[in-house]
file my_file-v6.txt (compact mmCIF, C-alpha atoms)
# COMPACT_ATOMS: atom_id res chain seq x y z
CA MET A 24 -8.36 -25.90 -24.65
CA SER A 25 -6.16 -22.83 -24.54
CA THR A 26 -3.18 -22.52 -26.84
CA ASN A 27 0.28 -22.21 -25.28
CA GLU A 28 0.39 -18.51 -26.19
CA GLN A 29 -3.02 -17.87 -24.65
CA VAL A 30 -1.89 -19.58 -21.45
CA ARG A 31 1.21 -17.35 -21.40
CA GLY A 32 -0.87 -14.26 -22.09
CA TYR A 33 -3.41 -14.87 -19.35
CA LEU A 34 -0.65 -15.68 -16.86
CA LEU A 35 1.03 -12.37 -17.71
CA VAL A 36 -2.24 -10.42 -17.36
CA CYS A 37 -2.84 -11.93 -13.93
CA THR A 38 0.77 -11.50 -12.85
CA ARG A 39 0.57 -7.80 -13.68
CA ALA A 40 -2.64 -7.44 -11.66
CA PHE A 41 -1.27 -9.41 -8.70
CA SER A 42 2.36 -8.21 -8.96
CA GLY A 43 3.86 -8.09 -5.48
CA LYS A 44 0.54 -9.17 -3.91
CA ARG A 45 0.20 -12.90 -4.66
CA GLY A 46 2.55 -15.81 -5.14
CA ARG A 47 2.58 -18.66 -7.58
CA THR A 48 -0.10 -20.65 -5.74
CA GLY A 49 -2.51 -17.71 -5.61
CA LEU A 50 -2.05 -17.00 -9.31
CA VAL A 51 -2.55 -20.58 -10.43
CA SER A 52 -5.57 -21.02 -8.15
CA PHE A 53 -7.14 -17.90 -9.68
CA VAL A 54 -6.78 -18.96 -13.31
CA LEU A 55 -8.08 -22.44 -12.42
CA GLY A 56 -11.17 -20.91 -10.79
CA GLN A 57 -10.21 -21.94 -7.25
CA ALA A 58 -9.24 -18.58 -5.72
CA GLY A 59 -10.18 -17.58 -2.18
CA PRO A 60 -12.26 -14.51 -1.23
CA SER A 61 -9.30 -12.16 -0.69
CA THR A 62 -7.83 -12.98 -4.10
CA LEU A 63 -11.22 -12.52 -5.74
CA ALA A 64 -11.55 -9.12 -4.05
CA LEU A 65 -8.10 -8.16 -5.29
CA ALA A 66 -9.01 -9.30 -8.81
CA GLU A 67 -12.14 -7.13 -8.68
CA GLU A 68 -10.04 -4.12 -7.65
CA GLN A 69 -7.61 -4.75 -10.49
CA GLY A 70 -10.35 -5.22 -13.09
CA ILE A 71 -9.68 -8.89 -13.91
CA ALA A 72 -12.45 -10.61 -11.93
CA ALA A 73 -13.88 -11.96 -15.20
CA LEU A 74 -10.68 -13.97 -15.71
CA HIS A 75 -11.33 -16.16 -12.66
CA GLY A 76 -11.21 -19.70 -14.02
CA ILE A 77 -10.11 -18.58 -17.49
CA LEU A 78 -7.75 -21.60 -17.67
CA SER A 79 -10.00 -24.05 -15.85
CA MET A 80 -9.94 -26.39 -18.86
CA THR A 81 -6.15 -26.33 -19.02
CA PRO A 82 -4.24 -29.09 -17.16
CA PRO A 83 -2.55 -27.60 -14.06
CA ASN A 84 0.84 -29.06 -15.06
CA GLU A 85 0.62 -27.12 -18.35
CA ILE A 86 0.00 -23.91 -16.41
CA HIS A 87 2.97 -24.58 -14.10
CA LEU A 88 5.22 -25.37 -17.09
CA ALA A 89 4.18 -22.12 -18.79
CA LEU A 90 4.88 -20.17 -15.60
CA ASN A 91 8.30 -21.83 -15.29
CA LYS A 92 9.06 -20.86 -18.88
CA LEU A 93 8.07 -17.24 -18.21
CA ARG A 94 10.47 -17.17 -15.25
CA GLU A 95 13.30 -18.70 -17.28
CA GLN A 96 12.77 -16.11 -20.01
CA GLY A 97 12.90 -13.20 -17.55
CA CYS A 98 9.26 -12.20 -17.97
CA VAL A 99 8.27 -12.79 -14.33
CA GLU A 100 10.19 -13.41 -11.15
CA VAL A 101 9.51 -14.72 -7.66
CA ARG A 102 10.89 -12.36 -5.04
CA ASP A 103 10.89 -12.81 -1.27
CA THR A 104 8.89 -9.84 0.04
CA LEU A 105 8.63 -8.88 3.70
CA ILE A 106 4.98 -8.51 4.76
CA ARG A 107 4.07 -8.25 8.44
CA ASP A 108 7.51 -9.62 9.45
CA ARG A 109 7.16 -12.63 7.13
CA ALA A 110 9.12 -13.16 3.93
CA LEU A 111 6.65 -14.34 1.28
CA PRO A 112 7.63 -15.53 -2.24
CA LEU A 113 5.54 -13.20 -4.39
CA LEU A 114 5.35 -12.96 -8.18
CA TYR A 115 6.40 -9.79 -10.01
CA LEU A 116 5.97 -8.82 -13.65
CA LEU A 117 9.23 -7.63 -15.24
CA ASP A 118 9.66 -5.22 -18.14
CA LYS A 119 10.23 -8.09 -20.56
CA GLY A 120 6.93 -9.58 -19.39
CA SER A 121 5.13 -6.30 -20.13
CA PHE A 122 6.48 -6.33 -23.68
CA GLU A 123 5.47 -9.97 -24.14
CA LEU A 124 1.98 -9.19 -22.85
CA GLU A 125 1.56 -6.41 -25.41
CA ARG A 126 2.61 -8.84 -28.15
CA LEU A 127 0.05 -11.42 -26.99
CA ARG A 128 -2.78 -9.04 -26.15
CA PRO A 129 -4.55 -9.29 -29.57
CA ILE A 130 -5.17 -13.04 -29.11
CA LEU A 131 -6.58 -12.69 -25.58
CA ASN A 132 -10.25 -12.31 -24.70
CA LEU A 133 -9.86 -9.64 -22.04
CA PRO A 134 -12.77 -8.11 -20.07
CA ALA A 135 -13.62 -4.47 -20.39
CA ALA A 136 -11.29 -2.87 -17.89
CA ARG A 137 -13.27 -0.84 -15.40
CA SER A 138 -10.00 -0.51 -13.50
CA ALA A 139 -8.41 1.11 -16.56
CA ARG A 140 -10.98 3.93 -16.37
CA THR A 141 -10.29 4.27 -12.65
CA THR A 142 -6.55 4.41 -13.30
CA GLU A 143 -7.06 7.20 -15.85
CA LYS A 144 -9.07 9.10 -13.23
CA ALA A 145 -6.19 8.68 -10.77
CA LEU A 146 -3.79 10.14 -13.32
CA LEU A 147 -6.21 13.04 -13.82
CA VAL A 148 -6.44 13.74 -10.08
CA LEU A 149 -2.65 13.66 -9.69
CA THR A 150 -2.30 15.94 -12.72
CA ARG A 151 -4.64 18.39 -11.01
CA LEU A 152 -2.60 18.23 -7.82
CA GLY A 153 0.51 19.04 -9.85
CA LYS A 154 -1.26 21.98 -11.50
CA LEU A 155 -2.52 23.08 -8.10
CA MET A 156 1.00 23.15 -6.63
CA GLU A 157 2.20 25.16 -9.63
CA GLY A 158 -0.78 27.54 -9.47
CA LEU A 159 -0.46 28.13 -5.73
CA ALA A 160 2.99 29.59 -6.37
CA THR A 161 2.09 31.63 -9.47
CA GLN A 162 -1.65 32.43 -9.54
CA PRO A 163 -3.98 34.60 -7.46
CA LYS A 164 -6.58 32.70 -5.45
CA GLU A 165 -9.40 33.67 -7.81
CA SER A 166 -7.65 32.09 -10.82
CA LEU A 167 -6.88 28.72 -9.24
CA PRO A 168 -10.12 26.85 -10.16
CA GLU A 169 -9.73 27.73 -13.84
CA HIS A 170 -5.98 27.01 -13.71
CA ILE A 171 -6.61 23.38 -12.72
CA ALA A 172 -9.79 23.06 -14.84
CA LEU A 173 -12.27 22.69 -11.98
CA GLY A 174 -15.54 24.39 -11.18
CA VAL A 175 -15.57 26.52 -8.05
CA GLN A 176 -17.54 23.98 -6.01
CA GLN A 177 -15.31 21.07 -7.04
CA PHE A 178 -12.21 23.18 -6.37
CA GLU A 179 -13.45 23.93 -2.85
CA HIS A 180 -14.03 20.20 -2.38
CA TYR A 181 -10.41 19.51 -3.33
CA ILE A 182 -9.10 22.18 -0.95
CA GLU A 183 -11.27 21.00 1.95
CA LEU A 184 -10.13 17.38 1.63
CA LEU A 185 -6.47 18.29 1.12
CA CYS A 186 -6.56 20.53 4.20
CA LYS A 187 -7.90 17.64 6.28
CA ALA A 188 -5.15 15.34 4.99
CA LEU A 189 -2.46 17.94 5.71
CA GLU A 190 -4.00 18.97 9.04
CA LEU A 191 -4.55 22.58 7.99
CA LYS A 192 -7.51 24.88 8.65
CA LYS A 193 -9.59 25.25 5.50
CA ASP A 194 -9.39 29.05 5.22
CA VAL A 195 -5.66 29.40 5.93
CA PRO A 196 -3.97 27.98 2.77
CA LEU A 197 -5.49 30.56 0.40
CA SER A 198 -5.42 33.54 2.76
CA SER A 199 -2.33 35.16 1.19
CA PRO A 200 0.30 34.51 -1.51
CA GLN A 201 2.72 33.43 1.21
CA ALA A 202 0.14 31.02 2.64
CA GLN A 203 -0.44 29.59 -0.86
CA ARG A 204 3.28 28.90 -1.30
CA HIS A 205 3.40 27.25 2.12
CA PHE A 206 0.42 25.09 1.16
CA ALA A 207 2.13 24.08 -2.10
CA ASN A 208 5.31 23.13 -0.25
CA ARG A 209 3.37 21.17 2.35
CA LEU A 210 1.48 19.28 -0.36
CA GLU A 211 4.69 18.52 -2.27
CA VAL A 212 6.41 17.15 0.83
CA CYS A 213 3.40 14.99 1.71
CA LEU A 214 3.15 13.64 -1.85
CA CYS A 215 6.85 12.77 -1.79
CA MET A 216 6.72 11.07 1.61
CA SER A 217 3.30 9.40 1.40
CA VAL A 218 3.06 8.46 -2.27
CA PHE A 219 6.22 8.69 -4.35
CA ALA A 220 8.66 7.43 -1.70
CA GLU A 221 6.65 4.22 -1.37
CA LEU A 222 6.78 3.44 -5.10
CA PRO A 223 9.62 1.74 -6.99
CA GLU A 224 11.79 4.57 -8.32
CA VAL A 225 11.03 3.86 -11.99
CA GLU A 226 7.27 3.98 -11.27
CA ALA A 227 7.58 7.18 -9.21
CA GLN A 228 9.54 8.88 -11.99
CA ALA A 229 7.05 7.71 -14.63
CA LEU A 230 4.04 8.80 -12.58
CA ARG A 231 5.44 12.29 -12.03
CA LEU A 232 6.29 12.64 -15.72
CA ALA A 233 2.84 11.50 -16.82
CA THR A 234 1.09 13.91 -14.45
CA GLY A 235 3.44 16.87 -14.86
CA ILE A 236 4.51 16.98 -11.21
CA GLY A 237 7.93 18.57 -11.38
CA LEU A 238 10.24 18.04 -8.43
CA LYS A 239 13.91 18.89 -7.97
CA HIS A 240 14.97 15.27 -8.48
CA GLN A 241 12.55 14.55 -11.33
CA LEU A 242 13.96 13.24 -14.62
CA LYS A 243 13.01 14.81 -17.93
CA GLU A 244 11.28 12.48 -20.40
CA ALA A 245 14.42 12.19 -22.55
CA ASP A 246 16.49 11.30 -19.48
CA PHE A 247 13.89 8.72 -18.43
CA ALA A 248 14.15 7.09 -21.84
CA ALA A 249 17.94 7.05 -21.51
CA TYR A 250 17.92 5.53 -18.01
CA TYR A 251 15.14 3.05 -18.77
CA PRO A 252 15.43 2.41 -22.55
CA GLN A 253 13.09 -0.60 -22.61
CA THR A 254 10.41 0.85 -20.34
CA ASP A 255 7.15 2.40 -21.49
CA MET A 256 6.80 5.48 -19.31
CA HIS A 257 3.01 5.69 -19.65
CA ASP A 258 2.56 2.00 -18.85
CA LYS A 259 4.68 2.37 -15.71
CA ALA A 260 2.66 5.45 -14.72
CA ARG A 261 -0.60 3.50 -15.04
CA ILE A 262 0.83 0.66 -12.95
CA ALA A 263 1.89 3.16 -10.27
CA ALA A 264 -1.51 4.89 -10.28
CA ALA A 265 -3.28 1.54 -9.90
CA ARG A 266 -0.96 0.66 -7.03
CA VAL A 267 -1.78 3.92 -5.22
CA LEU A 268 -5.49 3.10 -5.50
CA SER A 269 -5.14 -0.44 -4.13
CA ARG A 270 -6.79 -1.27 -0.82
CA GLU A 271 -3.51 -1.72 1.04
CA TRP A 272 -2.31 1.72 -0.09
CA GLN A 273 -5.48 3.55 0.86
CA GLY A 274 -4.80 2.98 4.55
CA ARG A 275 -1.19 4.13 4.45
CA SER A 276 -1.73 7.87 4.75
CA PRO A 277 -4.53 10.45 4.86
CA LEU A 278 -3.32 11.91 1.54
CA ALA A 279 -3.50 8.53 -0.22
CA SER A 280 -7.06 8.13 1.10
CA VAL A 281 -7.99 11.61 -0.17
CA ILE A 282 -6.58 10.83 -3.61
CA GLY A 283 -8.66 7.66 -3.65
CA PHE A 284 -11.79 9.56 -2.62
CA LEU A 285 -11.22 12.24 -5.28
CA VAL A 286 -10.85 9.50 -7.90
CA LEU A 287 -14.14 7.92 -6.83
CA SER A 288 -15.89 11.28 -7.02
CA GLU A 289 -14.75 11.88 -10.61
CA PRO A 290 -17.63 11.49 -13.11
CA ASN A 291 -17.34 8.73 -15.72
call {"tool": "encode", "arguments": {"input": "my_file-v6.txt", "output": "structure tokens"}}
result
Amino acid sequence: MSTNEQVRGYLLVCTRAFSGKRGRTGLVSFVLGQAGPSTLALAEEQGIAALHGILSMTPPNEIHLALNKLREQGCVEVRDTLIRDRALPLLYLLDKGSFELERLRPILNLPAARSARTTEKALLVLTRLGKLMEGLATQPKESLPEHIALGVQQFEHYIELLCKALELKKDVPLSSPQAQRHFANRLEVCLCMSVFAELPEVEAQALRLATGIGLKHQLKEADFAAYYPQTDMHDKARIAAARVLSREWQGRSPLASVIGFLVLSEPN
């Protein structure tokens, strides 16, 4: 039988993984071991598949009471979210819930997070894109692979995929300093429109800070801490990176798909 704190902890872990993607029924079904195929696939993507049925020995009314308590305490909330012209009551993890999860984490038996490694790769790829945009405006073509810490072959792979996403001919972006600057501007605009604009503002700011992507409207780290005093910037960045890699995001734009492909091609 799980303790009350373990029940709270596992509910918070699953709420974070399913935040904005599943409602109360989906969450409870998952921890009871009764989830459907789509929820199991989502759990696999988020790295919590091993938690399916983690509370199967806990009475369902105890799980519902714990979830109610988490809502009353401001750790999670149910928010009507418009999906395909339907308003669905989906669960979201709030900042207070993130702090509570960190407090409870030592008592939880959590699976090794394959998704955590994937998220770190996503942060690495986005960091390289930020360095690429900077280098395109300041470095000669020959110095770009070293500037973003890639071998020549891997660098060419990046450029080829990015050109396809931005609908540019492969040889044009690096043909002159002016072409490089145009490529950097095009990539920045596409990142803003296809990635950052779709994220909650706090996540977008955190993700850009964590990956060093400097834009005109980007907060400095000290300003971020002042605006969001109870928010862990790196935690928010990881949440944003995981969101960008989710299945629903990968179909939103060619650039999101390319980022996902580059993450998959990163060695372990």
call {"tool": "atom_distance", "arguments": {"input": "my_file-v6.txt", "atom1": "CA of Leu65 (chain A)", "atom2": "CA of Val267 (chain A)"}}
result
13.6 Å
call {"tool": "closest_residue", "arguments": {"input": "my_file-v6.txt", "among": "A:Leu93, A:Val51, A:Val101, A:Val218", "to": "Leu114 (chain A)", "atoms": "all atoms listed in the file"}}
result
A:Val101
call {"tool": "closest_residue", "arguments": {"input": "my_file-v6.txt", "among": "A:Gly32, A:Gly120, A:Gly237, A:Gly59", "to": "His75 (chain A)", "atoms": "all atoms listed in the file"}}
result
A:Gly59
call {"tool": "closest_residue", "arguments": {"input": "my_file-v6.txt", "among": "A:Leu78, A:Lys44, A:Gly158, A:Arg126", "to": "Leu113 (chain A)", "atoms": "only C-alpha atoms"}}
result
A:Lys44
call {"tool": "atom_distance", "arguments": {"input": "my_file-v6.txt", "atom1": "CA of Leu214 (chain A)", "atom2": "CA of Ile236 (chain A)"}}
result
10.0 Å
call {"tool": "residues_around", "arguments": {"input": "my_file-v6.txt", "residues": "His240 (chain A)", "least_positions_apart": "6", "cutoff": "12 Å", "atoms": "all atoms listed in the file", "output": "ChimeraX atom specification"}}
result
/A:215,219,224,227-228,231-232,246-247
call {"tool": "atom_distance", "arguments": {"input": "my_file-v6.txt", "atom1": "CA of Trp272 (chain A)", "atom2": "CA of Ser42 (chain A)"}}
result
14.1 Å
call {"tool": "residues_around", "arguments": {"input": "my_file-v6.txt", "residues": "Ala64 (chain A)", "least_positions_apart": "4", "cutoff": "12 Å", "atoms": "only C-alpha atoms", "output": "JSON, numbers by chain"}}
result
{"A": [40, 41, 53, 58, 59, 60, 68, 69, 70, 71, 72, 73, 75, 269, 270]}
call {"tool": "closest_residue", "arguments": {"input": "my_file-v6.txt", "among": "A:Val225, A:Ile106, A:Pro83, A:Thr234", "to": "Tyr251 (chain A)", "atoms": "all atoms listed in the file"}}
result
A:Val225
call {"tool": "closest_residue", "arguments": {"input": "my_file-v6.txt", "among": "A:Leu111, A:Leu152, A:Ala145, A:Leu131", "to": "Val30 (chain A)", "atoms": "all atoms listed in the file"}}
result
A:Leu131
call {"tool": "closest_residue", "arguments": {"input": "my_file-v6.txt", "among": "A:Lys259, A:Thr141, A:Ala66, A:Phe178", "to": "Pro223 (chain A)", "atoms": "all atoms listed in the file"}}
result
A:Lys259
call {"tool": "residues_around", "arguments": {"input": "my_file-v6.txt", "residues": "Asn91 (chain A)", "least_positions_apart": "4", "cutoff": "12 Å", "atoms": "only C-alpha atoms", "output": "ChimeraX atom specification"}}
result
/A:31,34,47,51,84-87,95-101,114
call {"tool": "residues_around", "arguments": {"input": "my_file-v6.txt", "residues": "region 160-164 of chain A", "least_positions_apart": "3", "cutoff": "6 Å", "atoms": "all atoms listed in the file", "output": "list in words"}}
result
Glu157, Leu167 and Arg204 of chain A
call {"tool": "write_last_selection", "arguments": {"input": "my_file-v6.txt", "atoms": "C-alpha atoms", "output": "short mmCIF file (atom, residue, chain, number, x, y, z; two decimals), keeping the file's coordinate frame"}}
result
data_model
loop_
_atom_site.label_atom_id
_atom_site.label_comp_id
_atom_site.auth_asym_id
_atom_site.auth_seq_id
_atom_site.Cartn_x
_atom_site.Cartn_y
_atom_site.Cartn_z
CA GLU A 157 2.20 25.16 -9.63
CA LEU A 167 -6.88 28.72 -9.24
CA ARG A 204 3.28 28.90 -1.30
#
call {"tool": "residues_around", "arguments": {"input": "my_file-v6.txt", "residues": "Leu173 (chain A)", "least_positions_apart": "3", "cutoff": "12 Å", "atoms": "only C-alpha atoms", "output": "PDB file with C-alpha atoms, in the coordinates of the input"}}
result
ATOM      1  CA  LEU A 147      -6.210  13.040 -13.820  1.00  0.00           C
ATOM      2  CA  VAL A 148      -6.440  13.740 -10.080  1.00  0.00           C
ATOM      3  CA  ARG A 151      -4.640  18.390 -11.010  1.00  0.00           C
ATOM      4  CA  LEU A 152      -2.600  18.230  -7.820  1.00  0.00           C
ATOM      5  CA  LYS A 154      -1.260  21.980 -11.500  1.00  0.00           C
ATOM      6  CA  LEU A 155      -2.520  23.080  -8.100  1.00  0.00           C
ATOM      7  CA  SER A 166      -7.650  32.090 -10.820  1.00  0.00           C
ATOM      8  CA  LEU A 167      -6.880  28.720  -9.240  1.00  0.00           C
ATOM      9  CA  PRO A 168     -10.120  26.850 -10.160  1.00  0.00           C
ATOM     10  CA  GLU A 169      -9.730  27.730 -13.840  1.00  0.00           C
ATOM     11  CA  HIS A 170      -5.980  27.010 -13.710  1.00  0.00           C
ATOM     12  CA  GLN A 176     -17.540  23.980  -6.010  1.00  0.00           C
ATOM     13  CA  GLN A 177     -15.310  21.070  -7.040  1.00  0.00           C
ATOM     14  CA  PHE A 178     -12.210  23.180  -6.370  1.00  0.00           C
ATOM     15  CA  GLU A 179     -13.450  23.930  -2.850  1.00  0.00           C
ATOM     16  CA  HIS A 180     -14.030  20.200  -2.380  1.00  0.00           C
ATOM     17  CA  TYR A 181     -10.410  19.510  -3.330  1.00  0.00           C
ATOM     18  CA  ILE A 182      -9.100  22.180  -0.950  1.00  0.00           C
ATOM     19  CA  GLU A 289     -14.750  11.880 -10.610  1.00  0.00           C
TER      20      GLU A 289
END
call {"tool": "decode", "arguments": {"input": "my_file-v6.txt", "residues": "region 68-79 of chain A", "atoms": "all heavy atoms", "output": "compact mmCIF listing (two decimals), in the first residue's frame"}}
result
# COMPACT_ATOMS: atom_id res chain seq x y z
N GLU A 68 6.64 8.10 -24.53
CA GLU A 68 7.34 9.29 -25.03
C GLU A 68 7.90 10.12 -23.88
O GLU A 68 8.99 10.68 -23.98
CB GLU A 68 6.37 10.17 -25.84
CG GLU A 68 6.00 9.60 -27.19
CD GLU A 68 4.99 10.47 -27.90
OE1 GLU A 68 4.64 11.54 -27.34
OE2 GLU A 68 4.55 10.11 -29.00
N GLN A 69 7.15 10.21 -22.80
CA GLN A 69 7.54 11.05 -21.67
C GLN A 69 8.44 10.33 -20.67
O GLN A 69 8.84 10.92 -19.66
CB GLN A 69 6.28 11.57 -20.96
CG GLN A 69 5.40 12.45 -21.82
CD GLN A 69 6.11 13.72 -22.26
OE1 GLN A 69 6.82 14.33 -21.49
NE2 GLN A 69 5.92 14.12 -23.50
N GLY A 70 8.73 9.05 -20.92
CA GLY A 70 9.66 8.33 -20.07
C GLY A 70 9.09 7.80 -18.77
O GLY A 70 9.83 7.51 -17.83
N ILE A 71 7.75 7.67 -18.68
CA ILE A 71 7.14 7.18 -17.44
C ILE A 71 6.34 5.90 -17.66
O ILE A 71 5.48 5.56 -16.84
CB ILE A 71 6.26 8.25 -16.77
CG1 ILE A 71 5.06 8.62 -17.67
CG2 ILE A 71 7.06 9.48 -16.40
CD1 ILE A 71 3.96 9.34 -16.92
N ALA A 72 6.59 5.19 -18.75
CA ALA A 72 5.81 3.98 -19.05
C ALA A 72 5.88 2.97 -17.90
O ALA A 72 4.91 2.26 -17.63
CB ALA A 72 6.31 3.34 -20.34
N ALA A 73 7.01 2.95 -17.19
CA ALA A 73 7.16 1.98 -16.09
C ALA A 73 6.25 2.30 -14.90
O ALA A 73 6.08 1.46 -14.01
CB ALA A 73 8.61 1.95 -15.62
N LEU A 74 5.66 3.48 -14.89
CA LEU A 74 4.76 3.85 -13.79
C LEU A 74 3.31 3.44 -14.06
O LEU A 74 2.44 3.69 -13.22
CB LEU A 74 4.82 5.36 -13.54
CG LEU A 74 6.16 5.91 -13.04
CD1 LEU A 74 6.05 7.40 -12.75
CD2 LEU A 74 6.63 5.15 -11.82
N HIS A 75 3.04 2.79 -15.20
CA HIS A 75 1.68 2.34 -15.47
C HIS A 75 1.28 1.31 -14.40
O HIS A 75 1.93 0.29 -14.22
CB HIS A 75 1.60 1.69 -16.86
CG HIS A 75 0.21 1.31 -17.27
ND1 HIS A 75 -0.10 0.07 -17.78
CD2 HIS A 75 -0.95 2.01 -17.23
CE1 HIS A 75 -1.39 0.02 -18.05
NE2 HIS A 75 -1.93 1.18 -17.72
N GLY A 76 0.22 1.62 -13.67
CA GLY A 76 -0.23 0.74 -12.61
C GLY A 76 0.52 0.88 -11.29
O GLY A 76 0.37 0.04 -10.40
N ILE A 77 1.30 1.96 -11.15
CA ILE A 77 2.11 2.13 -9.94
C ILE A 77 1.25 2.23 -8.69
O ILE A 77 1.69 1.87 -7.59
CB ILE A 77 3.02 3.37 -10.08
CG1 ILE A 77 4.08 3.41 -8.96
CG2 ILE A 77 2.21 4.66 -10.08
CD1 ILE A 77 5.10 2.34 -9.05
N LEU A 78 -0.01 2.67 -8.84
CA LEU A 78 -0.91 2.78 -7.68
C LEU A 78 -2.07 1.78 -7.78
O LEU A 78 -3.16 2.02 -7.25
CB LEU A 78 -1.46 4.22 -7.56
CG LEU A 78 -0.41 5.32 -7.36
CD1 LEU A 78 -1.08 6.69 -7.28
CD2 LEU A 78 0.43 5.06 -6.12
N SER A 79 -1.82 0.67 -8.45
CA SER A 79 -2.90 -0.30 -8.66
C SER A 79 -3.40 -0.92 -7.35
O SER A 79 -4.52 -1.42 -7.29
CB SER A 79 -2.43 -1.41 -9.62
OG SER A 79 -1.31 -2.09 -9.07
